[in-house]
$ cat target_36.txt   # compact mmCIF, C-alpha atoms
# COMPACT_ATOMS: atom_id res chain seq x y z
CA MET A 1 72.17 141.27 190.28
CA MET A 2 75.68 142.45 191.05
CA GLN A 3 76.30 143.41 194.64
CA LEU A 4 78.97 144.86 196.92
CA GLN A 5 78.38 144.66 200.66
CA GLY A 6 80.70 146.53 203.00
CA THR A 7 83.44 146.00 200.48
CA VAL A 8 86.94 147.20 201.34
CA LYS A 9 89.85 147.00 198.92
CA ARG A 10 93.36 148.10 199.87
CA PHE A 11 96.60 148.31 197.94
CA GLY A 12 99.36 148.54 200.52
CA ASP A 13 98.39 151.44 202.75
CA PHE A 14 96.16 152.97 200.07
CA THR A 15 92.45 152.28 200.57
CA ALA A 16 90.86 152.16 197.12
CA LEU A 17 87.38 151.21 198.36
CA ASP A 18 86.36 152.13 201.86
CA GLY A 19 83.33 150.05 202.78
CA VAL A 20 81.10 150.29 199.72
CA ASP A 21 77.52 149.01 199.45
CA LEU A 22 76.22 148.84 195.90
CA GLU A 23 73.45 146.97 194.09
CA ILE A 24 73.23 146.78 190.33
CA PRO A 25 69.97 145.07 189.34
CA ALA A 26 69.96 142.79 186.28
CA GLY A 27 68.92 144.52 183.08
CA THR A 28 70.01 148.01 184.07
CA ALA A 29 72.63 150.19 182.48
CA PHE A 30 74.63 151.54 185.37
CA GLY A 31 77.10 154.43 185.28
CA LEU A 32 80.07 154.83 187.58
CA LEU A 33 81.23 158.42 187.90
CA GLY A 34 84.03 159.81 189.96
CA SER A 35 87.20 161.79 190.30
CA ASN A 36 90.48 160.24 189.18
CA GLY A 37 91.43 157.51 191.62
CA ALA A 38 87.94 157.45 193.15
CA GLY A 39 87.66 153.65 192.92
CA LYS A 40 85.67 153.11 189.70
CA SER A 41 88.10 150.68 188.09
CA THR A 42 88.57 148.89 191.40
CA ILE A 43 84.83 148.14 191.51
CA LEU A 44 84.87 146.78 187.96
CA ARG A 45 87.93 144.64 188.69
CA LEU A 46 86.30 143.23 191.80
CA PHE A 47 83.18 142.30 189.80
CA SER A 48 85.30 140.62 187.16
CA GLY A 49 87.15 138.55 189.76
CA ILE A 50 90.58 140.10 189.18
CA TYR A 51 90.82 141.30 192.78
CA SER A 52 89.55 139.78 195.98
CA PRO A 53 88.28 142.20 198.62
CA GLU A 54 89.94 142.62 202.02
CA ARG A 55 86.57 142.89 203.70
CA GLY A 56 82.93 142.56 202.70
CA THR A 57 81.55 140.63 199.73
CA VAL A 58 81.46 140.87 195.95
CA THR A 59 78.67 138.79 194.43
CA ILE A 60 76.99 138.17 191.10
CA ASP A 61 73.56 136.54 191.35
CA SER A 62 74.36 135.89 195.02
CA GLU A 63 77.59 133.99 194.31
CA ASN A 64 81.06 135.17 195.29
CA VAL A 65 83.02 136.11 192.20
CA TYR A 66 86.65 135.62 193.16
CA ASP A 67 88.06 132.25 192.08
CA ASN A 68 84.62 131.19 190.87
CA VAL A 69 84.60 130.16 187.21
CA ALA A 70 80.81 129.90 186.95
CA ALA A 71 80.35 133.47 188.20
CA LYS A 72 83.18 134.83 186.08
CA GLN A 73 81.68 133.31 182.93
CA LYS A 74 78.73 135.63 183.43
CA VAL A 75 80.94 138.70 183.14
CA PHE A 76 82.99 140.26 180.42
CA PHE A 77 85.30 143.04 181.50
CA ILE A 78 86.64 145.56 179.01
CA ASN A 79 89.77 146.94 180.60
CA ASP A 80 90.74 150.57 180.14
CA GLU A 81 94.14 149.44 178.92
CA THR A 82 94.38 148.23 175.35
CA ILE A 83 97.74 146.49 175.46
CA GLN A 84 96.47 142.96 176.10
CA TYR A 85 96.90 140.29 173.45
CA ALA A 86 98.60 142.73 171.11
CA GLY A 87 100.32 139.83 169.33
CA PHE A 88 96.97 138.28 168.33
CA THR A 89 95.06 138.86 165.12
CA LEU A 90 91.34 139.55 165.50
CA ASP A 91 90.49 135.89 164.82
CA GLN A 92 93.05 134.72 167.36
CA LEU A 93 91.56 137.14 169.89
CA LYS A 94 88.09 135.76 169.16
CA ASN A 95 89.26 132.14 169.51
CA PHE A 96 91.07 132.98 172.73
CA TYR A 97 87.90 134.26 174.41
CA LYS A 98 85.71 131.61 172.82
CA GLN A 99 87.37 128.90 174.94
CA PHE A 100 86.37 130.67 178.18
CA TYR A 101 82.85 131.74 177.27
CA PRO A 102 80.63 128.78 176.37
CA ASN A 103 77.84 131.02 175.00
CA PHE A 104 80.11 132.67 172.44
CA SER A 105 78.17 133.39 169.24
CA ASP A 106 80.08 133.36 165.94
CA GLN A 107 76.97 134.64 164.26
CA ILE A 108 76.86 137.79 166.41
CA PHE A 109 80.61 138.26 166.05
CA GLU A 110 80.45 138.12 162.25
CA LYS A 111 77.46 140.44 162.14
CA LEU A 112 79.16 143.08 164.31
CA GLU A 113 82.51 142.73 162.57
CA GLY A 114 80.73 143.15 159.25
CA THR A 115 79.45 146.57 160.27
CA ILE A 116 82.83 147.96 161.32
CA GLN A 117 85.21 146.00 159.06
CA LEU A 118 88.45 145.68 160.98
CA PRO A 119 91.62 144.42 159.23
CA ARG A 120 91.29 140.81 160.40
CA ASN A 121 94.66 139.48 159.35
CA ARG A 122 96.75 142.18 160.94
CA LYS A 123 98.08 141.89 164.46
CA ILE A 124 96.13 143.90 166.98
CA SER A 125 99.37 145.67 167.94
CA THR A 126 99.21 147.44 164.56
CA TYR A 127 95.66 148.71 165.26
CA SER A 128 95.02 152.29 166.37
CA LYS A 129 93.71 152.85 169.92
CA GLY A 130 90.14 153.20 168.66
CA MET A 131 90.39 150.06 166.52
CA LYS A 132 91.71 148.04 169.49
CA ARG A 133 88.68 149.22 171.46
CA GLN A 134 86.30 148.20 168.68
CA ALA A 135 87.97 144.78 168.41
CA ILE A 136 87.50 144.08 172.10
CA ILE A 137 83.96 145.48 172.21
CA ILE A 138 82.63 143.25 169.42
CA THR A 139 84.39 140.26 170.99
CA ALA A 140 82.81 141.14 174.34
CA ILE A 141 79.27 141.41 172.94
CA ALA A 142 79.70 138.13 171.04
CA CYS A 143 80.63 136.35 174.29
CA CYS A 144 76.93 136.78 175.21
CA THR A 145 77.50 137.20 178.93
CA PRO A 146 74.62 138.56 181.00
CA TYR A 147 76.93 141.23 182.46
CA LEU A 148 79.25 143.53 180.57
CA LEU A 149 81.67 145.91 182.30
CA LEU A 150 83.20 148.78 180.36
CA ASP A 151 86.05 150.77 181.85
CA GLU A 152 86.42 154.07 179.98
CA ALA A 153 85.20 152.13 176.98
CA PHE A 154 84.59 155.06 174.65
CA ASP A 155 88.10 156.42 175.01
CA GLY A 156 89.81 157.00 171.69
CA ILE A 157 86.79 156.08 169.55
CA ASP A 158 85.78 158.59 166.88
CA PRO A 159 82.28 160.13 166.95
CA THR A 160 80.83 157.94 164.18
CA MET A 161 82.18 154.75 165.73
CA ARG A 162 80.92 155.93 169.12
CA ILE A 163 77.36 155.94 167.77
CA ILE A 164 77.84 152.52 166.19
CA VAL A 165 79.21 151.07 169.42
CA LYS A 166 76.39 152.60 171.45
CA ARG A 167 73.86 151.12 169.04
CA MET A 168 75.49 147.71 169.38
CA LEU A 169 75.23 147.93 173.17
CA VAL A 170 71.62 149.17 173.16
CA ASP A 171 70.69 146.41 170.74
CA ALA A 172 72.22 143.79 173.05
CA MET A 173 70.38 145.35 175.99
CA CYS A 174 67.07 144.98 174.13
CA GLU A 175 67.90 141.55 172.76
CA ARG A 176 68.89 139.74 175.93
CA GLN A 177 68.46 141.99 178.96
CA LEU A 178 72.20 142.64 179.07
CA THR A 179 73.35 144.43 182.23
CA VAL A 180 75.94 147.07 181.40
CA VAL A 181 78.19 148.88 183.85
CA ILE A 182 80.03 151.84 182.35
CA SER A 183 82.72 153.85 184.07
CA SER A 184 83.47 157.09 182.36
CA HIS A 185 84.67 160.64 182.74
CA ASN A 186 82.57 161.45 179.74
CA LEU A 187 79.25 162.31 181.31
CA LYS A 188 77.54 162.48 177.93
CA GLU A 189 77.77 158.72 177.45
CA ILE A 190 76.50 158.01 180.95
CA ASN A 191 73.64 160.42 180.44
CA GLU A 192 72.47 158.75 177.25
CA MET A 193 72.89 155.13 178.10
CA CYS A 194 72.37 154.70 181.81
CA ASP A 195 69.28 154.25 183.99
CA GLN A 196 71.16 154.86 187.13
CA ALA A 197 74.52 156.27 188.21
CA ALA A 198 76.70 156.38 191.30
CA LEU A 199 79.24 159.05 192.08
CA LEU A 200 82.39 157.91 193.86
CA HIS A 201 85.01 159.95 195.65
CA LYS A 202 87.99 158.62 197.58
CA GLY A 203 86.65 155.10 197.77
CA LYS A 204 83.16 156.03 198.98
CA ILE A 205 79.82 156.39 197.25
CA ILE A 206 78.59 159.98 197.36
CA PHE A 207 75.26 159.27 195.73
CA ASN A 208 73.55 156.48 193.81
CA ARG A 209 70.38 157.45 191.98
CA LYS A 210 68.18 157.03 188.97
CA LEU A 211 69.28 159.55 186.36
CA ASP A 212 65.73 160.74 185.75
CA SER A 213 65.41 161.71 189.39
CA LEU A 214 68.90 163.19 189.47
CA LYS A 215 67.97 165.71 186.84
CA GLY A 216 65.92 168.30 188.63
CA ALA A 217 67.33 167.25 192.01
CA VAL A 218 69.85 170.08 192.15
CA HIS A 219 69.24 173.63 190.94
CA LYS A 220 71.24 176.67 190.07
CA VAL A 221 69.53 179.75 191.53
CA GLN A 222 70.09 183.37 190.62
CA ALA A 223 68.32 185.61 193.06
CA VAL A 224 68.04 189.23 194.08
CA PHE A 225 66.39 189.94 197.44
CA ALA A 226 64.17 192.87 198.40
CA ASP A 227 66.60 194.10 201.05
CA ARG A 228 69.52 194.98 198.80
CA GLU A 229 71.62 196.44 201.62
CA ARG A 230 71.69 193.25 203.62
CA ILE A 231 74.50 190.77 203.03
CA TYR A 232 73.14 187.25 203.09
CA THR A 233 75.14 184.12 203.81
CA ALA A 234 74.27 180.46 203.28
CA ALA A 235 73.26 180.32 206.97
CA ASP A 236 70.33 182.66 206.28
CA PHE A 237 68.60 179.83 204.41
CA PRO A 238 68.39 177.03 206.96
CA GLY A 239 65.80 175.17 204.86
CA LEU A 240 68.22 174.69 201.97
CA GLU A 241 70.99 172.20 201.44
CA ILE A 242 73.50 174.49 199.75
CA LEU A 243 76.46 173.22 197.71
CA HIS A 244 77.73 176.56 196.54
CA PHE A 245 76.98 180.16 197.55
CA ASP A 246 78.41 183.36 196.18
CA LYS A 247 77.41 186.90 195.41
CA ASN A 248 78.15 189.32 192.64
CA GLN A 249 76.90 192.83 193.41
CA SER A 250 73.32 192.27 194.50
CA ILE A 251 72.90 188.99 192.60
CA TYR A 252 73.28 185.77 194.54
CA HIS A 253 74.40 182.56 192.84
CA ILE A 254 73.32 179.55 194.82
CA ILE A 255 73.57 175.86 194.01
CA ALA A 256 71.06 174.04 196.16
CA LYS A 257 69.65 170.55 196.41
CA GLY A 258 65.96 169.98 196.07
CA GLY A 259 63.15 170.41 193.58
CA GLU A 260 61.98 173.77 192.34
CA ASP A 261 59.10 174.08 194.84
CA THR A 262 61.27 173.26 197.87
CA ILE A 263 63.84 175.84 196.88
CA ARG A 264 61.29 178.54 196.11
CA SER A 265 59.58 178.12 199.45
CA ALA A 266 62.93 178.23 201.28
CA LEU A 267 63.75 181.54 199.58
CA ALA A 268 60.29 183.04 200.07
CA PRO A 269 60.79 184.44 203.62
CA GLU A 270 63.55 186.75 202.29
CA HIS A 271 61.28 188.09 199.54
CA PRO A 272 63.25 187.51 196.38
CA VAL A 273 62.60 190.19 193.74
CA VAL A 274 63.99 187.84 191.13
CA ALA A 275 64.60 184.12 191.51
CA ASP A 276 65.61 182.16 188.42
CA LEU A 277 66.02 178.43 188.81
CA ILE A 278 67.58 176.09 186.30
CA PRO A 279 68.16 172.39 186.86
CA LEU A 280 71.81 171.31 186.75
CA THR A 281 73.23 169.09 184.06
CA LEU A 282 74.93 165.87 185.10
CA GLU A 283 78.30 167.51 184.55
CA GLU A 284 77.43 170.42 186.83
CA ILE A 285 76.12 168.06 189.52
CA PHE A 286 79.42 166.18 189.32
CA ILE A 287 81.47 169.37 189.74
CA TYR A 288 79.43 170.90 192.56
CA GLU A 289 78.99 167.67 194.54
CA LEU A 290 82.74 167.17 194.55
CA GLU A 291 83.39 170.85 195.26
CA GLY A 292 81.32 170.37 198.41
CA LEU A 293 83.78 167.64 199.38
CA GLY A 294 86.83 169.82 198.82
CA TYR A 295 87.62 168.63 195.28
CA ASP A 296 87.51 172.07 193.80
CA SER A 297 88.10 173.30 190.26
CA ASN A 298 88.58 176.83 191.60
CA VAL A 299 92.05 176.00 192.93
CA PHE A 300 93.23 176.97 189.46
CA ALA A 301 91.24 180.02 188.54
CA MET B 1 62.30 162.76 163.16
CA PHE B 2 62.75 162.10 166.88
CA ASP B 3 65.67 164.47 167.29
CA ILE B 4 66.62 164.95 170.90
CA ASP B 5 69.24 167.06 172.58
CA LEU B 6 71.38 164.67 174.55
CA MET B 7 73.09 167.45 176.48
CA SER B 8 69.87 169.22 177.43
CA ARG B 9 68.81 169.82 181.01
CA THR B 10 65.47 168.21 180.23
CA PRO B 11 65.38 164.44 180.82
CA ILE B 12 65.48 162.43 177.58
CA TYR B 13 62.13 160.70 178.23
CA GLU B 14 60.48 164.09 178.63
CA GLN B 15 62.03 165.36 175.41
CA LEU B 16 60.68 162.30 173.58
CA TYR B 17 57.25 162.77 175.14
CA ARG B 18 57.11 166.40 173.99
CA ARG B 19 58.49 165.55 170.57
CA VAL B 20 55.74 163.02 169.86
CA ILE B 21 53.05 165.54 170.85
CA GLU B 22 54.69 168.16 168.67
CA LEU B 23 54.82 165.80 165.70
CA ILE B 24 51.14 165.00 166.14
CA MET B 25 50.16 168.67 166.38
CA LYS B 26 52.18 169.52 163.29
CA GLY B 27 50.43 166.71 161.45
CA VAL B 28 53.63 164.76 160.81
CA LEU B 29 52.20 161.88 162.82
CA ARG B 30 48.52 161.14 162.23
CA GLU B 31 45.89 159.04 163.92
CA GLN B 32 46.64 155.31 163.53
CA ASP B 33 50.24 155.94 162.47
CA LYS B 34 52.62 153.38 163.90
CA LEU B 35 55.44 154.62 166.12
CA PRO B 36 58.88 153.01 165.90
CA SER B 37 59.35 150.15 168.34
CA VAL B 38 61.14 150.86 171.61
CA ARG B 39 64.04 148.77 170.42
CA SER B 40 64.48 150.47 167.07
CA LEU B 41 64.12 153.98 168.47
CA ALA B 42 66.52 153.30 171.36
CA THR B 43 69.07 151.72 169.05
CA ASP B 44 68.68 154.54 166.57
CA LEU B 45 69.23 157.25 169.17
CA GLY B 46 71.79 155.25 171.15
CA VAL B 47 69.85 155.79 174.37
CA ASN B 48 68.71 153.44 177.08
CA PRO B 49 65.64 151.42 175.96
CA ASN B 50 63.99 151.98 179.36
CA THR B 51 64.04 155.71 178.65
CA VAL B 52 62.11 155.23 175.42
CA ALA B 53 59.74 152.79 177.13
CA LYS B 54 59.11 155.37 179.85
CA ALA B 55 58.20 158.04 177.29
CA TYR B 56 55.81 155.60 175.56
CA THR B 57 54.22 154.63 178.89
CA LEU B 58 53.55 158.28 179.71
CA LEU B 59 52.16 158.95 176.23
CA GLU B 60 49.88 155.97 176.60
CA ARG B 61 48.80 157.03 180.09
CA ASP B 62 47.82 160.42 178.69
CA GLY B 63 45.87 158.84 175.85
CA ILE B 64 48.13 160.19 173.12
CA ILE B 65 49.15 156.78 171.84
CA TYR B 66 47.82 153.27 172.36
CA SER B 67 49.53 149.94 172.06
CA LEU B 68 48.35 146.62 170.72
CA ALA B 69 50.05 143.54 172.13
CA GLY B 70 52.54 142.19 169.62
CA ARG B 71 51.78 144.89 167.06
CA GLY B 72 53.30 148.03 168.48
CA SER B 73 52.29 151.56 169.45
CA PHE B 74 49.95 153.75 167.44
CA VAL B 75 48.84 157.37 167.48
CA ALA B 76 45.45 157.65 169.17
CA LYS B 77 42.63 159.94 168.06
CA PRO B 78 44.17 163.30 168.93
CA ASP B 79 42.66 164.96 171.98
CA THR B 80 43.07 168.49 170.71
CA LEU B 81 42.37 170.06 174.08
CA PHE B 82 45.05 168.07 175.88
CA ALA B 83 47.64 168.76 173.21
CA GLN B 84 46.79 172.45 173.17
CA GLU B 85 47.02 172.64 176.93
CA HIS B 86 50.49 171.13 176.71
CA VAL B 87 51.72 173.81 174.33
CA LEU B 88 49.93 176.56 176.24
CA SER B 89 51.78 175.65 179.43
CA ASP B 90 54.97 176.86 177.69
CA PHE B 91 53.14 180.04 176.82
CA ASP B 92 52.00 180.50 180.41
CA ALA B 93 55.55 180.13 181.68
CA ALA B 94 56.88 182.71 179.22
CA ALA B 95 54.07 185.13 179.99
CA ALA B 96 54.54 184.74 183.76
CA ARG B 97 58.24 185.46 183.36
CA ALA B 98 57.54 188.59 181.34
CA LEU B 99 55.01 189.87 183.88
CA GLU B 100 57.45 189.14 186.70
CA VAL B 101 60.09 191.46 185.24
CA GLY B 102 57.50 194.22 184.90
CA ILE B 103 56.40 193.99 181.28
CA GLN B 104 52.86 195.35 180.94
CA LYS B 105 49.92 193.16 180.05
CA GLU B 106 49.16 195.49 177.14
CA THR B 107 52.64 194.93 175.68
CA LEU B 108 52.00 191.18 175.69
CA HIS B 109 48.60 191.65 174.04
CA ALA B 110 50.19 193.83 171.36
CA ARG B 111 52.79 191.18 170.83
CA ILE B 112 50.18 188.52 170.13
CA ASP B 113 48.32 190.86 167.77
CA GLN B 114 51.57 191.46 165.94
CA LEU B 115 52.13 187.72 165.52
CA THR B 116 48.63 187.12 164.16
CA ASP B 117 48.92 190.14 161.85
CA THR B 118 52.15 188.74 160.42
CA ASP B 119 50.36 185.45 159.80
CA LYS B 120 47.63 187.22 157.88
CA LYS B 121 50.13 189.13 155.78
CA GLU B 122 51.98 185.95 154.91
CA GLU B 123 48.71 184.32 153.90
CA SER B 124 47.72 187.19 151.65
CA THR B 125 51.11 187.32 149.91
CA SER B 126 51.35 183.58 149.35
$ encode --input "target_36.txt" --output "structure tokens"
Amino acid sequence: MMQLQGTVKRFGDFTALDGVDLEIPAGTAFGLLGSNGAGKSTILRLFSGIYSPERGTVTIDSENVYDNVAAKQKVFFINDETIQYAGFTLDQLKNFYKQFYPNFSDQIFEKLEGTIQLPRNRKISTYSKGMKRQAIIITAIACCTPYLLLDEAFDGIDPTMRIIVKRMLVDAMCERQLTVVISSHNLKEINEMCDQAALLHKGKIIFNRKLDSLKGAVHKVQAVFADRERIYTAADFPGLEILHFDKNQSIYHIIAKGGEDTIRSALAPEHPVVADLIPLTLEEIFIYELEGLGYDSNVFA
Amino acid sequence: MFDIDLMSRTPIYEQLYRRVIELIMKGVLREQDKLPSVRSLATDLGVNPNTVAKAYTLLERDGIIYSLAGRGSFVAKPDTLFAQEHVLSDFDAAAARALEVGIQKETLHARIDQLTDTDKKEESTS
């Protein structure tokens, strides 16, 4: 299990993580979502031992990570920057990592490389962005660590390669209970691959839930009420936790938390003539949760 | 065969659950047919293996498939009533929606008659 407890990370007077508690059980695929600068990469860098926290703890299987070789050997971190080791060829890159990861498997490396066929004798600096990503991903999987951290890992990879990479990761998850932590702006990847996801904003966790329970946890409501003359406000529905409330002629658009039954019974006292409910997609949940915190896409509309 | 819509509002496990029932009702999957393993289906679709396992668990709970240790999951003897009920719940929802917006019961009846008439015509021409 990977764990943060009351973790604070500052850079000068900027607080990147502001007292975060997070548990990532072994064997899960965990998604980190968040606005730009929310603290996603900081969490991954703490777990890979690049940063030490100012306060709180960062542990893997109950051991502190920073300056701890045994803990760091359990983790492979795929950085969102692709400039590292640009002077290496693919085989030099492989041999570089092999010396730090005792479980490195040449057999897995060759099998994965065989499916994507990178130009092995060229320097990685001559690779395209997507090819650099593929090179580091197959190296990472071949290191056979129990934990794999991917920071914006699918950036720059074409759709076909995206499927291949996802299959490689799922296969490793089945094969050896690999724990994967993915940070991404692309909610599609998180949706497909992850069991659980946390949303971060300004260094704090806004929610952390199983994806299955997240779907259906927030609804978009379109309602018309019997009393068409009356102007309702969010305050007229005390039983609802409302993220968004507006009105267009007599039709109300409401984004509210809760399952379908909860919402319907909260609307019932005002006698809706029509009440259509649809569950939000992950992308919509992301937008409306952050809108509720003042991070609003309507500033440019 | 197990096409799913990854951007849908319906959870992936639920889509898989429905898809298996649909394939059985259409006769694509038959009694005793072996389903793909969790690993191969998850890898194929690029989705979390736990999601596939969850769909299989629910299918097994509802008696639609059964699993044999070490051999995999198989289609059980179809319980026609259960499967029908599953499809009919979609019908109920659509009918309720139509009634809610004021469409008359008779219009719905006529609609069903129309559908069955079209079926008959297609049969007689083919």
$ atom_distance --input "target_36.txt" --atom1 "atom CA of A:Gly34" --atom2 "atom CA of B:Asp3"
29.5 Å
$ closest_residue --input "target_36.txt" --among "B:Phe91, B:Phe82, B:Tyr66, B:Tyr13" --to "chain A" --atoms "all atoms listed in the file"
B:Tyr13
$ interface_residues --input "target_36.txt" --of "chain A" --to "chain B" --cutoff "8 Å" --atoms "only C-alpha atoms" --output "mmCIF file with C-alpha atoms, in the coordinates of the input"
data_model
loop_
_atom_site.group_PDB
_atom_site.id
_atom_site.type_symbol
_atom_site.label_atom_id
_atom_site.label_comp_id
_atom_site.auth_asym_id
_atom_site.auth_seq_id
_atom_site.Cartn_x
_atom_site.Cartn_y
_atom_site.Cartn_z
ATOM 1 C CA ALA A 29 72.630 150.190 182.480
ATOM 2 C CA ILE A 163 77.360 155.940 167.770
ATOM 3 C CA LYS A 166 76.390 152.600 171.450
ATOM 4 C CA ARG A 167 73.860 151.120 169.040
ATOM 5 C CA MET A 168 75.490 147.710 169.380
ATOM 6 C CA VAL A 170 71.620 149.170 173.160
ATOM 7 C CA ASP A 171 70.690 146.410 170.740
ATOM 8 C CA MET A 173 70.380 145.350 175.990
ATOM 9 C CA CYS A 174 67.070 144.980 174.130
ATOM 10 C CA LYS A 188 77.540 162.480 177.930
ATOM 11 C CA ASN A 191 73.640 160.420 180.440
ATOM 12 C CA GLU A 192 72.470 158.750 177.250
ATOM 13 C CA MET A 193 72.890 155.130 178.100
ATOM 14 C CA CYS A 194 72.370 154.700 181.810
ATOM 15 C CA ASP A 195 69.280 154.250 183.990
ATOM 16 C CA ASP A 212 65.730 160.740 185.750
ATOM 17 C CA LYS A 215 67.970 165.710 186.840
ATOM 18 C CA VAL A 274 63.990 187.840 191.130
ATOM 19 C CA PRO A 279 68.160 172.390 186.860
ATOM 20 C CA LEU A 280 71.810 171.310 186.750
ATOM 21 C CA THR A 281 73.230 169.090 184.060
#
$ atom_distance --input "target_36.txt" --atom1 "atom CA of A:Arg209" --atom2 "atom CA of A:Val75"
23.3 Å
$ residues_around --input "target_36.txt" --residues "stretch 116-119 of chain A" --least-positions-apart "2" --cutoff "10 Å" --atoms "all atoms listed in the file" --output "ChimeraX atom specification"
/A:89-90,110-114,121-124,126-127,131-132,134-135,138,161,164-165
$ residues_around --input "target_36.txt" --residues "A:Ser62" --least-positions-apart "4" --cutoff "10 Å" --atoms "only C-alpha atoms" --output "PyMOL selection string"
chain A and resi 1-3+57-58+71
$ closest_residue --input "target_36.txt" --among "A:Phe207, A:Phe225, A:Tyr66, A:Tyr51" --to "A:Asp21" --atoms "only C-alpha atoms"
A:Phe207
$ residues_around --input "target_36.txt" --residues "B:Ser37" --least-positions-apart "6" --cutoff "10 Å" --atoms "all atoms listed in the file" --output "PyMOL selection string"
chain B and resi 43+49+52-53+56+71-73
$ write_last_selection --input "target_36.txt" --atoms "C-alpha atoms" --output "JSON list (two decimals), in the frame of the given file"
[["chain", "number", "residue", "atom", "x", "y", "z"],
["B", 43, "THR", "CA", 69.07, 151.72, 169.05],
["B", 49, "PRO", "CA", 65.64, 151.42, 175.96],
["B", 52, "VAL", "CA", 62.11, 155.23, 175.42],
["B", 53, "ALA", "CA", 59.74, 152.79, 177.13],
["B", 56, "TYR", "CA", 55.81, 155.60, 175.56],
["B", 71, "ARG", "CA", 51.78, 144.89, 167.06],
["B", 72, "GLY", "CA", 53.30, 148.03, 168.48],
["B", 73, "SER", "CA", 52.29, 151.56, 169.45]]
$ atom_distance --input "target_36.txt" --atom1 "atom CA of A:Leu290" --atom2 "atom CA of A:His253"
17.6 Å
$ residues_around --input "target_36.txt" --residues "A:Glu270" --least-positions-apart "6" --cutoff "10 Å" --atoms "only C-alpha atoms" --output "list in words"
Val224, Phe225, Ala226, Asp227, Tyr232, Asp236 and Phe237 of chain A
$ closest_residue --input "target_36.txt" --among "A:Arg10, A:Arg55, A:Lys74, A:Lys257" --to "A:Leu178" --atoms "all atoms listed in the file"
A:Lys74
$ decode --input "target_36.txt" --residues "stretch 96-109 of chain A" --atoms "N, CA and C atoms" --output "PDB file, in the first residue's frame"
ATOM      1  N   PHE A  96      20.756   1.001 -18.258  1.00  0.00           N
ATOM      2  CA  PHE A  96      20.845   1.985 -17.194  1.00  0.00           C
ATOM      3  C   PHE A  96      19.894   1.620 -16.062  1.00  0.00           C
ATOM      4  N   TYR A  97      18.631   1.342 -16.406  1.00  0.00           N
ATOM      5  CA  TYR A  97      17.643   1.028 -15.375  1.00  0.00           C
ATOM      6  C   TYR A  97      17.870  -0.341 -14.761  1.00  0.00           C
ATOM      7  N   LYS A  98      18.399  -1.258 -15.564  1.00  0.00           N
ATOM      8  CA  LYS A  98      18.622  -2.621 -15.102  1.00  0.00           C
ATOM      9  C   LYS A  98      19.516  -2.657 -13.852  1.00  0.00           C
ATOM     10  N   GLN A  99      20.475  -1.728 -13.779  1.00  0.00           N
ATOM     11  CA  GLN A  99      21.383  -1.752 -12.619  1.00  0.00           C
ATOM     12  C   GLN A  99      20.689  -1.318 -11.319  1.00  0.00           C
ATOM     13  N   PHE A 100      19.555  -0.604 -11.444  1.00  0.00           N
ATOM     14  CA  PHE A 100      18.874  -0.157 -10.222  1.00  0.00           C
ATOM     15  C   PHE A 100      17.715  -1.060  -9.816  1.00  0.00           C
ATOM     16  N   TYR A 101      17.209  -1.825 -10.773  1.00  0.00           N
ATOM     17  CA  TYR A 101      16.037  -2.661 -10.488  1.00  0.00           C
ATOM     18  C   TYR A 101      16.404  -4.139 -10.615  1.00  0.00           C
ATOM     19  N   PRO A 102      16.614  -4.795  -9.469  1.00  0.00           N
ATOM     20  CA  PRO A 102      17.118  -6.178  -9.489  1.00  0.00           C
ATOM     21  C   PRO A 102      16.151  -7.168 -10.152  1.00  0.00           C
ATOM     22  N   ASN A 103      14.847  -6.828 -10.204  1.00  0.00           N
ATOM     23  CA  ASN A 103      13.905  -7.771 -10.819  1.00  0.00           C
ATOM     24  C   ASN A 103      13.746  -7.574 -12.322  1.00  0.00           C
ATOM     25  N   PHE A 104      14.593  -6.748 -12.909  1.00  0.00           N
ATOM     26  CA  PHE A 104      14.432  -6.438 -14.337  1.00  0.00           C
ATOM     27  C   PHE A 104      14.365  -7.727 -15.162  1.00  0.00           C
ATOM     28  N   SER A 105      13.385  -7.781 -16.083  1.00  0.00           N
ATOM     29  CA  SER A 105      13.222  -8.984 -16.904  1.00  0.00           C
ATOM     30  C   SER A 105      13.509  -8.676 -18.371  1.00  0.00           C
ATOM     31  N   ASP A 106      14.615  -9.244 -18.875  1.00  0.00           N
ATOM     32  CA  ASP A 106      14.946  -9.083 -20.296  1.00  0.00           C
ATOM     33  C   ASP A 106      13.884  -9.718 -21.165  1.00  0.00           C
ATOM     34  N   GLN A 107      13.341 -10.814 -20.663  1.00  0.00           N
ATOM     35  CA  GLN A 107      12.324 -11.530 -21.430  1.00  0.00           C
ATOM     36  C   GLN A 107      11.098 -10.641 -21.675  1.00  0.00           C
ATOM     37  N   ILE A 108      10.622  -9.969 -20.612  1.00  0.00           N
ATOM     38  CA  ILE A 108       9.470  -9.080 -20.779  1.00  0.00           C
ATOM     39  C   ILE A 108       9.832  -7.913 -21.686  1.00  0.00           C
ATOM     40  N   PHE A 109      11.039  -7.371 -21.486  1.00  0.00           N
ATOM     41  CA  PHE A 109      11.460  -6.235 -22.306  1.00  0.00           C
ATOM     42  C   PHE A 109      11.443  -6.600 -23.789  1.00  0.00           C
TER      43      PHE A 109
END
